[in-house]
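Here is the structure we will look at.
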Amino acid sequence: MHPWEILEERCVYKNKHWLTVHEQKVQLPNGLVIEDYLITEVPEVAMVFAVNTGGEVLLVEQYRHGVRRNLLDLVAGYIDPGEDPFVAAKRELEEETGYCGGRWTSLGALYYGPSRHPSRFHYYLAEDVVPDGKQHFDDTEELRLSTVPLPEITSRIHNGEICGVFSVAGIYRALDALQTQNPDCSLHAK
């Protein structure tokens, strides 16, 4: 496979915080030229599958304007420029839930949408977190903390309560890591 050649590029939109759109003129290896290929850039995200000492998964419910409804999601937030993703994950967990501490494991990263977006979601598993921190919401956030017993988490996906693709991906990555750590443990509702 050969990369596409960028013949021209211009920024067509830039929002101060959340979105930059570039229009590119690209040439494919077969010679085909696409005049108006769009690439969008958004900040990278740290997402946390956090389990408290009682074996409950911490989720946040918040309004998502794109779908115009409240959704239940894993804890997540933008990574500040120059910030380490792990530091951002710990910060977001405390800001959104008031929980901190515990044992942390990186679950890797996934691209937001590799055909048009170079940004990634960085996933972390945080086990045995405790409510020793202080919540602090951004001006754009209105969140409600929700806890779900670990064995019930997949049923919340199947019944549509958790339906954001990035949260679902993070949940299954975390469940895989937990199952690998403890193969005799059942992580699914009976």
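Starting from 1 in every chain, residues are counted up; chains themselves are A, B, ... following the order of the structure tokens, and ligands are numbered from 1 as listed.
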| message | From a backbone DSSP assignment, name each residue in range 47-188 of chain A labelled alpha helix (DSSP H), as number ranges by chain. | response | A: 85-97, 153-158, 165-181
| task | With a distance cut-off of 9 Å and only C-alpha atoms, select the neighbouring residues of Ser167 in chain A, excluding the residue or stretch itself and same-chain residues fewer than 2 positions from it, and output the selection as a VMD selection string. | result | chain A and resid 47 to 49 72 to 76 162 to 165 169 to 172
Write a file of the selected residues as a PDB file, in the first residue's frame, keeping C-alpha atoms.
```
ATOM      1  CA  MET A  47     -11.154   7.500  28.598  1.00  0.00           C
ATOM      2  CA  VAL A  48     -11.328   5.525  31.843  1.00  0.00           C
ATOM      3  CA  PHE A  49     -13.041   2.279  32.790  1.00  0.00           C
ATOM      4  CA  LEU A  72     -24.364   6.997  29.801  1.00  0.00           C
ATOM      5  CA  ASP A  73     -20.612   6.924  29.092  1.00  0.00           C
ATOM      6  CA  LEU A  74     -17.269   6.022  30.548  1.00  0.00           C
ATOM      7  CA  VAL A  75     -15.383   8.897  32.154  1.00  0.00           C
ATOM      8  CA  ALA A  76     -13.550  10.797  29.414  1.00  0.00           C
ATOM      9  CA  ILE A 162     -24.647   2.559  26.878  1.00  0.00           C
ATOM     10  CA  CYS A 163     -24.553   3.222  23.146  1.00  0.00           C
ATOM     11  CA  GLY A 164     -21.568   5.475  22.422  1.00  0.00           C
ATOM     12  CA  VAL A 165     -19.100   3.563  20.272  1.00  0.00           C
ATOM     13  CA  ALA A 169     -14.938  -0.107  22.824  1.00  0.00           C
ATOM     14  CA  GLY A 170     -13.412   0.915  26.155  1.00  0.00           C
ATOM     15  CA  ILE A 171     -15.708  -1.382  28.097  1.00  0.00           C
ATOM     16  CA  TYR A 172     -14.808  -4.416  26.016  1.00  0.00           C
TER      17      TYR A 172
END
```
| request: Please identify which residues in chain A DSSP calls strand (DSSP E or B) from the backbone, and express them as a VMD selection string. | output: chain A and resid 5 to 14 20 to 27 33 to 41 45 to 52 56 to 64 69 to 78 100 103 to 113 117 to 130 143 to 149
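Excluding Tyr124 in chain A itself and any same-chain residue fewer than 6 positions from it, the protein and nucleic acid residues within 9 Å of it, counting only C-alpha atoms, are Ala46, Met47, Val48, Phe49, Ala50, Phe86, Ala89, Trp104, Thr105, Ser106, Leu107, Gly108, Gly170 and Ala174 of chain A.
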Selection to disk with C-alpha atoms, as a tab-separated table (two decimals), in the first residue's frame:
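This is the output file result07.tsv:
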```
chain	number	residue	atom	x	y	z
A	46	ALA	CA	-8.43	9.99	27.60
A	47	MET	CA	-11.15	7.50	28.60
A	48	VAL	CA	-11.33	5.52	31.84
A	49	PHE	CA	-13.04	2.28	32.79
A	50	ALA	CA	-13.00	2.81	36.55
A	86	PHE	CA	-2.27	9.01	31.61
A	89	ALA	CA	-7.08	10.19	32.47
A	104	TRP	CA	-4.06	1.74	36.67
A	105	THR	CA	-3.44	-0.14	33.44
A	106	SER	CA	-3.10	1.30	29.96
A	107	LEU	CA	-5.45	-0.39	27.49
A	108	GLY	CA	-3.89	1.23	24.43
A	170	GLY	CA	-13.41	0.91	26.16
A	174	ALA	CA	-11.31	-3.35	29.96
```
| Best match for closeness to Pro149 in chain A among A:Glu5, A:Glu56, A:Asp176, A:Glu35, counting only C-alpha atoms |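 Closest candidate: A:Glu56.
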| message | Taking only C-alpha atoms into account, name the residue in A:Pro29, A:Gly55, A:Pro43, A:Gly77 that is nearest to Ile153 in chain A. | response | A:Gly55
| query | CA of Gly66 in chain A and CA of Gly113 in chain A are how many Å apart? | reply | 16.7 Å
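For Arg91 in chain A, the non-local neighbours within 10 Å, defined as residues at least 4 positions apart in the same chain or in other chains and counting only C-alpha atoms, are Ala46, Ala76, Gly77, Ile79, Pro85, Phe86, Val87, Glu95, Glu96, Gly98, Tyr99, Cys100, Gly133, Gln135 and His136 of chain A.
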| query | Pick from A:Leu59, A:Phe121, A:Lys134, A:Val26: nearest to Phe166 in chain A, with only C-alpha atoms counted? | reply |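 Between A:Leu59, A:Phe121, A:Lys134, A:Val26, the residue approaching Phe166 in chain A most closely is A:Phe121.
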| request: Would you mind listing what lies within 9 Å of Leu143 in chain A as a PyMOL selection string, with only C-alpha atoms counted and same-chain residues fewer than 3 positions away left out? | output: chain A and resi 60-63+96-97+137
| Shell of 10 Å around Arg120 in chain A, only C-alpha atoms, local chain residues under 3 positions omitted, as a PyMOL selection string | chain A and resi 42-46+108-114+117+123
Taking N, CA and C atoms for each residue, export the selection above as a compact mmCIF listing (two decimals), in the first residue's frame.
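And here's result.txt as it stands now:
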```txt
# COMPACT_ATOMS: atom_id res chain seq x y z
N VAL A 42 -9.53 16.89 15.94
CA VAL A 42 -10.11 17.18 17.25
C VAL A 42 -9.06 16.81 18.29
N PRO A 43 -9.14 17.35 19.50
CA PRO A 43 -8.16 16.96 20.52
C PRO A 43 -8.26 15.46 20.82
N GLU A 44 -7.14 14.88 21.24
CA GLU A 44 -7.17 13.48 21.65
C GLU A 44 -7.90 13.37 22.98
N VAL A 45 -8.39 12.17 23.28
CA VAL A 45 -9.24 11.94 24.44
C VAL A 45 -8.65 10.85 25.32
N ALA A 46 -8.74 11.04 26.63
CA ALA A 46 -8.43 9.99 27.60
C ALA A 46 -9.75 9.46 28.13
N GLY A 108 -4.24 0.86 25.79
CA GLY A 108 -3.89 1.23 24.43
C GLY A 108 -4.76 2.36 23.91
N ALA A 109 -4.64 2.60 22.62
CA ALA A 109 -5.35 3.71 21.98
C ALA A 109 -6.00 3.23 20.69
N LEU A 110 -7.10 3.88 20.33
CA LEU A 110 -7.80 3.62 19.08
C LEU A 110 -7.98 4.94 18.34
N TYR A 111 -7.87 4.89 17.02
CA TYR A 111 -8.11 6.09 16.22
C TYR A 111 -9.60 6.44 16.23
N TYR A 112 -9.86 7.72 16.27
CA TYR A 112 -11.21 8.28 16.28
C TYR A 112 -11.97 7.88 15.02
N GLY A 113 -11.35 7.99 13.90
CA GLY A 113 -11.91 7.62 12.60
C GLY A 113 -10.80 7.75 11.58
N PRO A 114 -10.01 6.70 11.36
CA PRO A 114 -8.74 6.82 10.65
C PRO A 114 -8.81 7.31 9.21
N HIS A 117 -9.80 11.35 10.48
CA HIS A 117 -9.42 11.96 11.76
C HIS A 117 -8.13 11.33 12.27
N TYR A 123 -7.19 4.64 26.23
CA TYR A 123 -8.01 3.92 27.20
C TYR A 123 -7.20 3.47 28.41
```
| task | Within 10 Å of range 14-25 of chain A, counting only C-alpha atoms, which residues show up once you throw out same-chain ones fewer than 2 positions away? Write them as JSON, numbers by chain, please. | result | {"A": [4, 5, 6, 7, 8, 9, 10, 11, 12, 27, 33, 34, 35, 36, 37, 38, 39, 40, 41, 42, 43, 78, 116, 117]}
| message | I'd like to know which of A:Leu58, A:His65, A:Leu178, A:Asp128 is closest to Thr140 in chain A, using only C-alpha atoms. | response | A:His65
| task | Quick one: pull the distance between CA of Ala88 in chain A and CA of Leu125 in chain A, Å, one decimal. | result |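 Separation of CA of Ala88 in chain A and CA of Leu125 in chain A: 13.3 Å.
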| task | Give me, please, the distance in Å between CA of Leu71 in chain A and CA of Gly101 in chain A, quoted to one decimal. | result |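 For CA of Leu71 in chain A relative to CA of Gly101 in chain A, the distance reads 25.8 Å.
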